[in-house]
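Novice: Handing you this structure, nothing more for now.
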Number of protein chains: 2
Amino acid sequence: MVAVWHCQEVTSANTAGAVRQGSLRELNLAVVLGRIAAAGRPPSRAAIAADTGLTRATVSAVVDDLIAGRLVAEVDPEPRTGAGRPARGLRLAADGPAGLGLEINVDYLAACVVDLTGAVRHHEVRRADLRPVSPSEALARLVELAGRAHAVADRLGLTLAGATLAVPGLVDAHGLVRLAPNLGWRDVDVPALLAGHPPLTGTVGGVPALTVDNEANLAALGELYAVPGTASFLHVSGEIGIGAGIVLDGVLFRGARGWSGELGHVPVDPAGPRCRCGGRGCLETYAGQEAILGAAGLSEADLPADTAARRLAHLAAAGDRATLDALHAAGNALGVAVAGVVNLLDLDTVVLGGGYATLAPWLRPPVAAELTARVLTAAWAPVSVRAAALGSESAAVGGAGAVVHRIVARPSGWLARRE
Amino acid sequence: MVAVWHCQEVTSANTAGAVRQGSLRELNLAVVLGRIAAAGRPPSRAAIAADTGLTRATVSAVVDDLIAGRLVAEVDPEPRTGAGRPARGLRLAADGPAGLGLEINVDYLAACVVDLTGAVRHHEVRRADLRPVSPSEALARLVELAGRAHAVADRLGLTLAGATLAVPGLVDAHGLVRLAPNLGWRDVDVPALLAGHPPLTGTVGGVPALTVDNEANLAALGELYAVPGTASFLHVSGEIGIGAGIVLDGVLFRGARGWSGELGHVPVDPAGPRCRCGGRGCLETYAGQEAILGAAGLSEADLPADTAARRLAHLAAAGDRATLDALHAAGNALGVAVAGVVNLLDLDTVVLGGGYATLAPWLRPPVAAELTARVLTAAWAPVSVRAAALGSESAAVGGAGAVVHRIVARPSGWLARRE
DNA sequence: GCTATTTGTTCAGTGGTTGAATTAAATGGT
DNA sequence: ACCATTTAATTCAACCACTGAACAAATAGC
């Protein structure tokens, strides 16, 4: 039996439920570990105590638990000025639990290992056109990559605490891929197909070993973890479809059924061309990959899927008029749609990810212009538009990051695991 | 000194910070009170214990505190079948703290008192055109209504625990009304103008006595409290502008700066008429009050502001062709814009509020049709569209409800108050 | 070397939950 | 009418985790 949870941010231990005696320690483990994770430089126990309001005694006890559980390590005190016993710095352990990030996309498979500190310790991409490959065959190849990642993690002294698989499609709460149009998948029961392949089976520390999630969502999480400081943003992911990952206050917003983020079918012009969704003038018909390629005079058949964005960037950099115009038009349409979202949600940052990251130099100006013109509060608080910091690896890294992020947010689960 | 907080949902006691010894009780007070509030019929201590996982001993102790603090009352056991000592039912006290809801709008002032159970115990509306009236004069009149509400609350044995003022405009975190275009207000410091007018001054139980918030936000909250069961929805409020209150998992979403919900300027047609925001073809130019009136052949000057929606409804009910067409067109545009939001946020319910509530019989069909056509997941999970349950009183009631809701969410603040 | 200062640990004390035993109040069978 | 049964609520010793103060450790400055 394979247990799979839809990847879900665990913000606090069990706020919803009752608070038992032991929850106190459980919550404070999370609080202290969170401070260590958030701190710029390794904080001392005393600093954490002053910061949280807990006593130094309590913080020491909590930290002992965290060190015993290999979540935190002590570092030598950094040279400090002034009198007093030097503090021992605390930082997240780089040899404790780690997350395994996996991705299946149209033209590649990827696996990576991210440790508690968020560092990518291993990364492997295997290019291959997966559209003609059956789901079970694709997953079998993925298991190979996962196995190698597992071996590398062992060698580095890391313990894999869970895995997240990114797929370009709608995923339900049980890890069932409802629809991944570009892969040609429909109702693929990933957990069932992976049954019996550790480390992708069973549970780790009470949490299912594998979660399956949408690629755009995980890419947004990757961006969140990679660039600390921006807690709320819209991550627009331009591929064949256009997905949006919405991060609000450091938490990925998923919607009632986990199907949020469909930006491609926001109407841009009701009299525009017919869209495959049945509507007219959806954003996708202006700023989707096919639309941009078409406007630039290229046909999708000309080139492998993975190089579309790079090909366009190459042409644009060379000054190709048709391409520049196509990108400008796409940027305008994107700006119109994103402005609506920004007005609605009062966001202050827009991140161009996926294929758009490559094209950001040409998309950013028209997008920013539309935002300035259409966002009501732009005069008071300008909206910043930037390219994603991570490249195509963002979804896998985001998935792996989600695993370790969950441990940091609720360390008690990891500490209570049977070794 | 008047202390004002921007109305903010307090979801849990102090999850962000450290958990002290006393927080345990603090959290469990909230948990137990929350169960009592959420339960359909008065639950017994034993049922709460079974439900939360706490022991009956703990629940009894917690309930004692709640009863002593006049937040909970015991009711006679309801006739039950089967053996065993009958349970004593627990319900929210109807004679404890209450919330004062106030509203200043273009053509009326309103005040209401809502008790802990959510019942509206007092409601007064005073119609008057407030556009020519200065802010201080308008607030002076509001203080009169607040005074009467205070007197009524006293007579009913209720203790006012705070007040919320709804205004049709942008409000910042300190209660400063940045801009209320339809009132003609700009940078009005409401708390300063109300200084010295209890019960609108100072703090109650550690929480500022008065919070100021946007009317559309509070109307959405009113809907949330009035119709239990729908935890996530989009509340569209059609007045001169078009505001959207976004409720996600029972929490009003406010955006980074509290300025979320601007739906009126979602683009519907980039080639459409110019909008006062500077863009083109914004939703407001199709489904705003003026637009509908214009399309129906009426001019705004013809009628007082408050009757626009009712006048349109009257004409539509009488079968007036121009009005029916105008409403149909507005509904279509609204449906297009809302479909984008629903796709983005994966919502399953849309509530037509404000002026749209009156016009719902005519707006609902085209809105629903557009949603069915444009929402990608509509085939799996249809989106329900319905009129708001509360009428024009929704913002005041929602504001008062927010006060008592805050107490239910964190009873320790109320219990710790100096009597 | 001595004092001041800051860090981290030890330890008795306390608040709040736990779990079992006890009391309370009803039903149902004989 | 009486008693066993059943469920509700309270009482009480035990225990767990945090508190606060005292103490030990480690450094800078004089």
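Each chain in the structure tokens gets a letter, A, B, ..., in the order shown, and its residues are numbered from 1; ligands are numbered from 1 in order too.
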Using only C-alpha atoms (C1' of nucleotides), find the residues of chain A whose closest atom to chain C is at most 10 Å away, then write them as a list of chain:residue names.

Specialist: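 Every residue of chain A that passes the 10 Å test is in A:Val19, A:Arg20, A:Gln21, A:Gly22, A:Ser44, A:Arg45, A:Ala46, A:Ala47, A:Arg56, A:Ala57, A:Ser60, A:Ala61, A:Gly82, A:Ala83, A:Gly84, A:Arg85, A:Pro86, A:Ala87, A:Arg88.
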
Novice: Give the alpha helix (DSSP H) residues of range 168-413 of chain B, as DSSP finds them on the backbone, and put them as a PyMOL selection string.

Specialist: chain B and resi 190-194+215-226+284-287+289-295+308-317+321-345+355-374+394-409+411-413

Novice: Work out how far CA of His265 in chain A is from CA of Leu283 in chain A, in Å to one decimal.

Specialist: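 Distance between the two atoms: 5.6 Å.
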
Novice: Please report, as CSV, each residue of chain B lying at most 6 Å from chain A, together with the nearest pair of atoms and the separation in Å rounded to one decimal; use only C-alpha atoms, and order rows by chain and ascending residue number.

Specialist:
residue,atom,partner,partner_atom,distance
B:Ala18,CA,A:Thr52,CA,5.6
B:Val31,CA,A:Ala18,CA,6.0
B:Thr52,CA,A:Ala18,CA,5.5
B:Gly255,CA,A:Asp346,CA,4.9
B:Trp259,CA,A:Asp346,CA,5.6
B:Ser260,CA,A:Asp346,CA,4.5
B:Gly261,CA,A:Leu344,CA,4.6
B:Glu262,CA,A:Leu344,CA,4.9
B:Leu263,CA,A:Leu344,CA,5.7
B:Val266,CA,A:Gly340,CA,4.6
B:Asp269,CA,A:Asp269,CA,5.0
B:Gly279,CA,A:Arg374,CA,5.8
B:Gly340,CA,A:Val266,CA,4.6
B:Asn343,CA,A:Glu262,CA,5.3
B:Leu344,CA,A:Gly261,CA,4.6
B:Leu345,CA,A:Ser260,CA,4.6
B:Asp346,CA,A:Ser260,CA,4.5
B:Arg374,CA,A:Gly279,CA,5.9

Novice: Could you write out that same residue set with all heavy atoms as a tab-separated table (two decimals), in the first residue's frame?

Specialist:
chain	number	residue	atom	x	y	z
B	18	ALA	N	6.50	32.03	20.05
B	18	ALA	CA	6.79	30.87	20.88
B	18	ALA	C	5.57	30.48	21.69
B	18	ALA	O	4.66	31.27	21.88
B	18	ALA	CB	7.95	31.19	21.81
B	31	VAL	N	-9.86	26.30	21.07
B	31	VAL	CA	-10.29	25.06	20.42
B	31	VAL	C	-11.69	24.67	20.90
B	31	VAL	O	-12.59	24.39	20.10
B	31	VAL	CB	-9.29	23.93	20.73
B	31	VAL	CG1	-9.86	22.58	20.32
B	31	VAL	CG2	-7.98	24.19	20.00
B	52	THR	N	-12.23	16.38	20.24
B	52	THR	CA	-10.93	17.05	20.18
B	52	THR	C	-9.78	16.15	20.59
B	52	THR	O	-8.63	16.43	20.27
B	52	THR	CB	-10.91	18.27	21.12
B	52	THR	OG1	-11.18	17.81	22.44
B	52	THR	CG2	-11.95	19.28	20.73
B	255	GLY	N	-4.58	40.54	0.83
B	255	GLY	CA	-3.44	41.00	0.04
B	255	GLY	C	-2.37	41.61	0.91
B	255	GLY	O	-2.58	41.84	2.11
B	259	TRP	N	-5.22	45.75	0.11
B	259	TRP	CA	-5.94	46.38	-0.99
B	259	TRP	C	-6.38	45.39	-2.06
B	259	TRP	O	-6.48	45.74	-3.24
B	259	TRP	CB	-5.06	47.46	-1.65
B	259	TRP	CG	-4.72	48.55	-0.71
B	259	TRP	CD1	-5.41	48.93	0.40
B	259	TRP	CD2	-3.60	49.44	-0.80
B	259	TRP	NE1	-4.79	49.98	1.02
B	259	TRP	CE2	-3.67	50.31	0.31
B	259	TRP	CE3	-2.55	49.57	-1.69
B	259	TRP	CZ2	-2.73	51.31	0.55
B	259	TRP	CZ3	-1.61	50.56	-1.46
B	259	TRP	CH2	-1.70	51.42	-0.36
B	260	SER	N	-6.58	44.19	-1.66
B	260	SER	CA	-7.02	43.21	-2.64
B	260	SER	C	-8.48	43.44	-2.99
B	260	SER	O	-9.16	44.25	-2.37
B	260	SER	CB	-6.87	41.81	-2.05
B	260	SER	OG	-7.88	41.59	-1.10
B	261	GLY	N	-8.95	42.74	-3.99
B	261	GLY	CA	-10.38	42.74	-4.28
B	261	GLY	C	-10.82	43.72	-5.33
B	261	GLY	O	-12.02	43.92	-5.52
B	262	GLU	N	-9.88	44.34	-6.01
B	262	GLU	CA	-10.29	45.28	-7.04
B	262	GLU	C	-10.62	44.51	-8.32
B	262	GLU	O	-9.74	44.15	-9.09
B	262	GLU	CB	-9.15	46.28	-7.29
B	262	GLU	CG	-9.58	47.44	-8.12
B	262	GLU	CD	-10.90	48.02	-7.64
B	262	GLU	OE1	-10.97	48.57	-6.53
B	262	GLU	OE2	-11.88	47.91	-8.41
B	263	LEU	N	-11.89	44.23	-8.52
B	263	LEU	CA	-12.28	43.41	-9.67
B	263	LEU	C	-12.72	44.29	-10.83
B	263	LEU	O	-12.71	43.87	-11.99
B	263	LEU	CB	-13.42	42.47	-9.27
B	263	LEU	CG	-13.82	41.42	-10.30
B	263	LEU	CD1	-12.71	40.41	-10.50
B	263	LEU	CD2	-15.10	40.72	-9.88
B	266	VAL	N	-10.50	44.48	-14.07
B	266	VAL	CA	-10.09	43.32	-14.87
B	266	VAL	C	-10.50	43.62	-16.30
B	266	VAL	O	-11.63	44.05	-16.55
B	266	VAL	CB	-10.80	42.04	-14.37
B	266	VAL	CG1	-10.63	40.91	-15.37
B	266	VAL	CG2	-10.26	41.63	-13.01
B	269	ASP	N	-12.33	43.61	-22.46
B	269	ASP	CA	-12.14	43.80	-23.90
B	269	ASP	C	-11.15	44.96	-24.09
B	269	ASP	O	-11.49	46.11	-23.84
B	269	ASP	CB	-13.48	44.14	-24.56
B	269	ASP	CG	-13.32	44.33	-26.06
B	269	ASP	OD1	-12.17	44.33	-26.55
B	269	ASP	OD2	-14.35	44.48	-26.73
B	279	GLY	N	-7.20	52.37	-18.35
B	279	GLY	CA	-7.19	51.22	-19.26
B	279	GLY	C	-8.37	51.28	-20.22
B	279	GLY	O	-9.05	52.30	-20.35
B	340	GLY	N	-12.25	34.13	-15.06
B	340	GLY	CA	-10.80	34.22	-14.93
B	340	GLY	C	-10.38	34.03	-13.49
B	340	GLY	O	-9.43	33.30	-13.19
B	343	ASN	N	-10.89	30.35	-12.43
B	343	ASN	CA	-9.82	29.52	-12.98
B	343	ASN	C	-8.53	29.70	-12.18
B	343	ASN	O	-7.83	28.75	-11.88
B	343	ASN	CB	-9.54	29.90	-14.43
B	343	ASN	CG	-10.36	29.08	-15.40
B	343	ASN	OD1	-10.70	27.93	-15.12
B	343	ASN	ND2	-10.68	29.67	-16.53
B	344	LEU	N	-8.26	30.92	-11.84
B	344	LEU	CA	-7.01	31.21	-11.16
B	344	LEU	C	-7.00	30.66	-9.75
B	344	LEU	O	-6.01	30.08	-9.30
B	344	LEU	CB	-6.79	32.72	-11.13
B	344	LEU	CG	-5.44	33.17	-10.60
B	344	LEU	CD1	-4.36	32.91	-11.62
B	344	LEU	CD2	-5.47	34.63	-10.22
B	345	LEU	N	-8.10	30.85	-9.03
B	345	LEU	CA	-8.12	30.50	-7.61
B	345	LEU	C	-8.82	29.18	-7.31
B	345	LEU	O	-8.84	28.74	-6.17
B	345	LEU	CB	-8.79	31.62	-6.80
B	345	LEU	CG	-8.11	32.99	-6.88
B	345	LEU	CD1	-8.90	34.01	-6.06
B	345	LEU	CD2	-6.69	32.91	-6.35
B	346	ASP	N	-9.40	28.56	-8.33
B	346	ASP	CA	-10.09	27.29	-8.12
B	346	ASP	C	-11.16	27.42	-7.04
B	346	ASP	O	-11.15	26.69	-6.05
B	346	ASP	CB	-9.07	26.19	-7.75
B	346	ASP	CG	-9.73	24.84	-7.57
B	346	ASP	OD1	-10.75	24.59	-8.23
B	346	ASP	OD2	-9.24	24.06	-6.74
B	374	ARG	N	-16.33	28.70	-19.56
B	374	ARG	CA	-14.94	29.12	-19.49
B	374	ARG	C	-14.13	28.51	-18.37
B	374	ARG	O	-12.90	28.59	-18.40
B	374	ARG	CB	-14.87	30.65	-19.35
B	374	ARG	CG	-15.70	31.40	-20.37
B	374	ARG	CD	-15.47	32.89	-20.27
B	374	ARG	NE	-14.44	33.29	-21.19
B	374	ARG	CZ	-14.66	33.97	-22.31
B	374	ARG	NH1	-15.88	34.32	-22.65
B	374	ARG	NH2	-13.66	34.28	-23.10

Novice: Pick out each residue of range 63-247 of chain B that DSSP on the backbone tags as strand (DSSP E); I need them as a ChimeraX atom specification.

Specialist: /B:72-75,89-92,97-104,108-115,120-127,159-167,170-171,176-180,185-189,203-204,207-208,210-214,233-238,242-247

Novice: Which residues, written as an mmCIF file with N, CA, C and O atoms, in the first residue's frame, have at least one atom at most 12 Å from Ser394 in chain B, with only C-alpha atoms (C1' of nucleotides) counted and residues fewer than 5 positions away on the same chain left out?

Specialist:
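Wrote it out as part_38.cif, contents follow:
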data_model
loop_
_atom_site.group_PDB
_atom_site.id
_atom_site.type_symbol
_atom_site.label_atom_id
_atom_site.label_comp_id
_atom_site.auth_asym_id
_atom_site.auth_seq_id
_atom_site.Cartn_x
_atom_site.Cartn_y
_atom_site.Cartn_z
ATOM 1 N N GLY B 101 -21.344 46.981 14.790
ATOM 2 C CA GLY B 101 -21.018 47.178 13.382
ATOM 3 C C GLY B 101 -21.527 48.521 12.914
ATOM 4 O O GLY B 101 -22.674 48.899 13.185
ATOM 5 N N LEU B 102 -20.669 49.265 12.237
ATOM 6 C CA LEU B 102 -21.053 50.591 11.764
ATOM 7 C C LEU B 102 -20.765 50.691 10.277
ATOM 8 O O LEU B 102 -19.857 50.030 9.766
ATOM 9 N N GLU B 103 -21.530 51.511 9.598
ATOM 10 C CA GLU B 103 -21.254 51.687 8.180
ATOM 11 C C GLU B 103 -21.563 53.123 7.764
ATOM 12 O O GLU B 103 -22.575 53.690 8.148
ATOM 13 N N ALA B 110 -25.385 53.287 9.070
ATOM 14 C CA ALA B 110 -26.004 52.133 9.706
ATOM 15 C C ALA B 110 -25.213 51.731 10.930
ATOM 16 O O ALA B 110 -24.007 51.976 11.020
ATOM 17 N N ALA B 111 -25.921 51.159 11.883
ATOM 18 C CA ALA B 111 -25.283 50.593 13.068
ATOM 19 C C ALA B 111 -26.027 49.324 13.420
ATOM 20 O O ALA B 111 -27.252 49.247 13.244
ATOM 21 N N CYS B 112 -25.303 48.347 13.895
ATOM 22 C CA CYS B 112 -25.979 47.143 14.351
ATOM 23 C C CYS B 112 -25.174 46.487 15.460
ATOM 24 O O CYS B 112 -23.988 46.773 15.639
ATOM 25 N N VAL B 114 -24.338 42.691 17.066
ATOM 26 C CA VAL B 114 -24.396 41.247 16.835
ATOM 27 C C VAL B 114 -23.830 40.553 18.059
ATOM 28 O O VAL B 114 -22.757 40.917 18.543
ATOM 29 N N VAL B 120 -28.327 39.125 15.025
ATOM 30 C CA VAL B 120 -28.380 40.593 14.960
ATOM 31 C C VAL B 120 -29.403 41.060 15.984
ATOM 32 O O VAL B 120 -30.592 40.842 15.832
ATOM 33 N N HIS B 123 -30.517 46.899 14.983
ATOM 34 C CA HIS B 123 -30.137 47.343 13.653
ATOM 35 C C HIS B 123 -30.828 48.667 13.363
ATOM 36 O O HIS B 123 -32.039 48.784 13.532
ATOM 37 N N ALA B 166 -17.382 50.202 8.506
ATOM 38 C CA ALA B 166 -17.244 49.891 7.085
ATOM 39 C C ALA B 166 -17.337 51.179 6.281
ATOM 40 O O ALA B 166 -18.246 51.979 6.483
ATOM 41 N N GLU B 215 -15.737 48.264 2.867
ATOM 42 C CA GLU B 215 -17.113 47.769 2.898
ATOM 43 C C GLU B 215 -17.300 46.449 2.162
ATOM 44 O O GLU B 215 -18.010 45.540 2.636
ATOM 45 N N ALA B 216 -16.624 46.284 1.038
ATOM 46 C CA ALA B 216 -16.765 45.032 0.284
ATOM 47 C C ALA B 216 -16.168 43.855 1.050
ATOM 48 O O ALA B 216 -16.721 42.753 1.057
ATOM 49 N N ASN B 217 -15.045 44.104 1.711
ATOM 50 C CA ASN B 217 -14.446 43.052 2.535
ATOM 51 C C ASN B 217 -15.405 42.602 3.623
ATOM 52 O O ASN B 217 -15.607 41.417 3.857
ATOM 53 N N LEU B 218 -15.997 43.584 4.298
ATOM 54 C CA LEU B 218 -16.866 43.251 5.418
ATOM 55 C C LEU B 218 -18.152 42.590 4.944
ATOM 56 O O LEU B 218 -18.706 41.722 5.626
ATOM 57 N N ALA B 219 -18.619 42.990 3.768
ATOM 58 C CA ALA B 219 -19.814 42.344 3.231
ATOM 59 C C ALA B 219 -19.535 40.867 2.968
ATOM 60 O O ALA B 219 -20.372 40.003 3.233
ATOM 61 N N ALA B 220 -18.341 40.587 2.475
ATOM 62 C CA ALA B 220 -17.976 39.187 2.245
ATOM 63 C C ALA B 220 -17.932 38.433 3.565
ATOM 64 O O ALA B 220 -18.399 37.297 3.665
ATOM 65 N N LEU B 221 -17.395 39.077 4.601
ATOM 66 C CA LEU B 221 -17.369 38.429 5.911
ATOM 67 C C LEU B 221 -18.780 38.197 6.424
ATOM 68 O O LEU B 221 -19.077 37.157 7.007
ATOM 69 N N GLY B 222 -19.649 39.174 6.211
ATOM 70 C CA GLY B 222 -21.034 39.017 6.632
ATOM 71 C C GLY B 222 -21.644 37.783 5.990
ATOM 72 O O GLY B 222 -22.322 36.988 6.638
ATOM 73 N N GLU B 223 -21.371 37.618 4.733
ATOM 74 C CA GLU B 223 -21.872 36.451 4.011
ATOM 75 C C GLU B 223 -21.276 35.164 4.585
ATOM 76 O O GLU B 223 -21.978 34.163 4.761
ATOM 77 N N LEU B 224 -19.996 35.223 4.890
ATOM 78 C CA LEU B 224 -19.340 34.042 5.461
ATOM 79 C C LEU B 224 -19.996 33.627 6.771
ATOM 80 O O LEU B 224 -20.258 32.452 7.015
ATOM 81 N N TYR B 225 -20.266 34.615 7.628
ATOM 82 C CA TYR B 225 -20.850 34.289 8.926
ATOM 83 C C TYR B 225 -22.319 33.904 8.792
ATOM 84 O O TYR B 225 -22.827 33.087 9.550
ATOM 85 N N ALA B 226 -23.002 34.513 7.815
ATOM 86 C CA ALA B 226 -24.443 34.284 7.705
ATOM 87 C C ALA B 226 -24.751 32.923 7.092
ATOM 88 O O ALA B 226 -25.776 32.324 7.400
ATOM 89 N N VAL B 227 -23.876 32.466 6.219
ATOM 90 C CA VAL B 227 -24.132 31.188 5.549
ATOM 91 C C VAL B 227 -23.006 30.226 5.874
ATOM 92 O O VAL B 227 -22.017 30.165 5.159
ATOM 93 N N HIS B 235 -17.022 36.932 -3.347
ATOM 94 C CA HIS B 235 -18.186 37.778 -3.118
ATOM 95 C C HIS B 235 -18.041 39.020 -3.984
ATOM 96 O O HIS B 235 -17.156 39.835 -3.742
ATOM 97 N N SER B 237 -19.316 42.467 -5.349
ATOM 98 C CA SER B 237 -20.149 43.520 -4.811
ATOM 99 C C SER B 237 -20.305 44.593 -5.873
ATOM 100 O O SER B 237 -19.343 45.283 -6.204
ATOM 101 N N GLY B 353 -23.328 40.076 -4.550
ATOM 102 C CA GLY B 353 -23.716 40.891 -3.409
ATOM 103 C C GLY B 353 -23.868 42.349 -3.794
ATOM 104 O O GLY B 353 -23.781 42.709 -4.974
ATOM 105 N N GLY B 354 -24.066 43.188 -2.792
ATOM 106 C CA GLY B 354 -24.261 44.610 -3.056
ATOM 107 C C GLY B 354 -25.451 44.790 -3.977
ATOM 108 O O GLY B 354 -26.481 44.119 -3.831
ATOM 109 N N GLY B 355 -25.318 45.699 -4.914
ATOM 110 C CA GLY B 355 -26.410 45.931 -5.849
ATOM 111 C C GLY B 355 -26.729 44.708 -6.700
ATOM 112 O O GLY B 355 -27.875 44.506 -7.119
ATOM 113 N N ALA B 357 -27.018 41.759 -5.724
ATOM 114 C CA ALA B 357 -27.928 40.846 -5.036
ATOM 115 C C ALA B 357 -29.352 41.085 -5.507
ATOM 116 O O ALA B 357 -30.112 40.155 -5.789
ATOM 117 N N ALA B 388 -26.388 37.032 -2.575
ATOM 118 C CA ALA B 388 -25.995 37.161 -1.178
ATOM 119 C C ALA B 388 -27.204 36.964 -0.279
ATOM 120 O O ALA B 388 -28.321 37.348 -0.626
ATOM 121 N N ALA B 389 -26.958 36.340 0.859
ATOM 122 C CA ALA B 389 -28.051 36.074 1.789
ATOM 123 C C ALA B 389 -28.451 37.353 2.531
ATOM 124 O O ALA B 389 -29.619 37.574 2.815
ATOM 125 N N GLY B 399 -19.099 43.489 9.819
ATOM 126 C CA GLY B 399 -18.155 44.152 10.713
ATOM 127 C C GLY B 399 -18.401 43.778 12.158
ATOM 128 O O GLY B 399 -17.467 43.460 12.902
ATOM 129 N N ALA B 400 -19.665 43.785 12.562
ATOM 130 C CA ALA B 400 -19.990 43.378 13.925
ATOM 131 C C ALA B 400 -19.633 41.920 14.130
ATOM 132 O O ALA B 400 -19.095 41.529 15.173
ATOM 133 N N GLY B 401 -19.911 41.116 13.114
ATOM 134 C CA GLY B 401 -19.569 39.693 13.195
ATOM 135 C C GLY B 401 -18.078 39.483 13.338
ATOM 136 O O GLY B 401 -17.636 38.599 14.067
ATOM 137 N N ALA B 402 -17.301 40.334 12.674
ATOM 138 C CA ALA B 402 -15.849 40.181 12.767
ATOM 139 C C ALA B 402 -15.379 40.388 14.202
ATOM 140 O O ALA B 402 -14.444 39.728 14.660
#

Novice: Up to 10 Å from chain A, what residues of chain D turn up? Count only C-alpha atoms (C1' of nucleotides) and give them as a list in words.

Specialist: DC15, DC16, DA17, DC18, DT19, DG20, DA25, DA26, DT27, DA28 and DG29 of chain D

Novice: Since we have the selection now, will you write its residues out, keeping C-alpha atoms (C1' of nucleotides), as a compact mmCIF listing (two decimals), in the first residue's frame?

Specialist:
# COMPACT_ATOMS: atom_id res chain seq x y z
C1' DC D 15 3.63 13.87 35.06
C1' DC D 16 5.43 16.86 31.48
C1' DA D 17 7.32 21.06 29.84
C1' DC D 18 8.20 25.78 30.78
C1' DT D 19 9.88 29.36 34.40
C1' DG D 20 13.07 31.80 37.10
C1' DA D 25 31.96 28.50 31.71
C1' DA D 26 34.49 31.36 28.81
C1' DT D 27 36.12 35.63 27.14
C1' DA D 28 37.59 40.96 27.11
C1' DG D 29 39.41 44.68 29.42

Novice: Name the residues in contact with range 288-298 of chain A at a cut-off of 7 Å, using only C-alpha atoms (C1' of nucleotides), excluding same-chain residues fewer than 3 positions from it; report them as a ChimeraX atom specification.

Specialist: /A:238-242,284-285,322-323,326-327,330

Novice: Kindly save the residues from that selection, with C-alpha atoms included, as an mmCIF file, in the first residue's frame.

Specialist:
data_model
loop_
_atom_site.group_PDB
_atom_site.id
_atom_site.type_symbol
_atom_site.label_atom_id
_atom_site.label_comp_id
_atom_site.auth_asym_id
_atom_site.auth_seq_id
_atom_site.Cartn_x
_atom_site.Cartn_y
_atom_site.Cartn_z
ATOM 1 C CA GLY A 238 5.108 29.950 -19.691
ATOM 2 C CA GLU A 239 5.143 26.614 -21.430
ATOM 3 C CA ILE A 240 2.653 25.222 -23.887
ATOM 4 C CA GLY A 241 0.033 26.197 -21.336
ATOM 5 C CA ILE A 242 0.396 29.112 -18.976
ATOM 6 C CA GLU A 284 -2.888 31.321 -24.132
ATOM 7 C CA THR A 285 -3.813 32.246 -27.688
ATOM 8 C CA ALA A 322 9.148 39.164 -36.379
ATOM 9 C CA THR A 323 10.356 37.548 -33.169
ATOM 10 C CA ALA A 326 5.845 38.484 -31.365
ATOM 11 C CA LEU A 327 7.429 38.762 -27.953
ATOM 12 C CA ALA A 330 2.873 38.335 -26.011
#

Novice: As an exercise, work out the distance from CA of Asp325 in chain A to CA of Ala387 in chain A in Å and give it to one decimal place.

Specialist: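 Between these atoms lies a distance of 19.8 Å.
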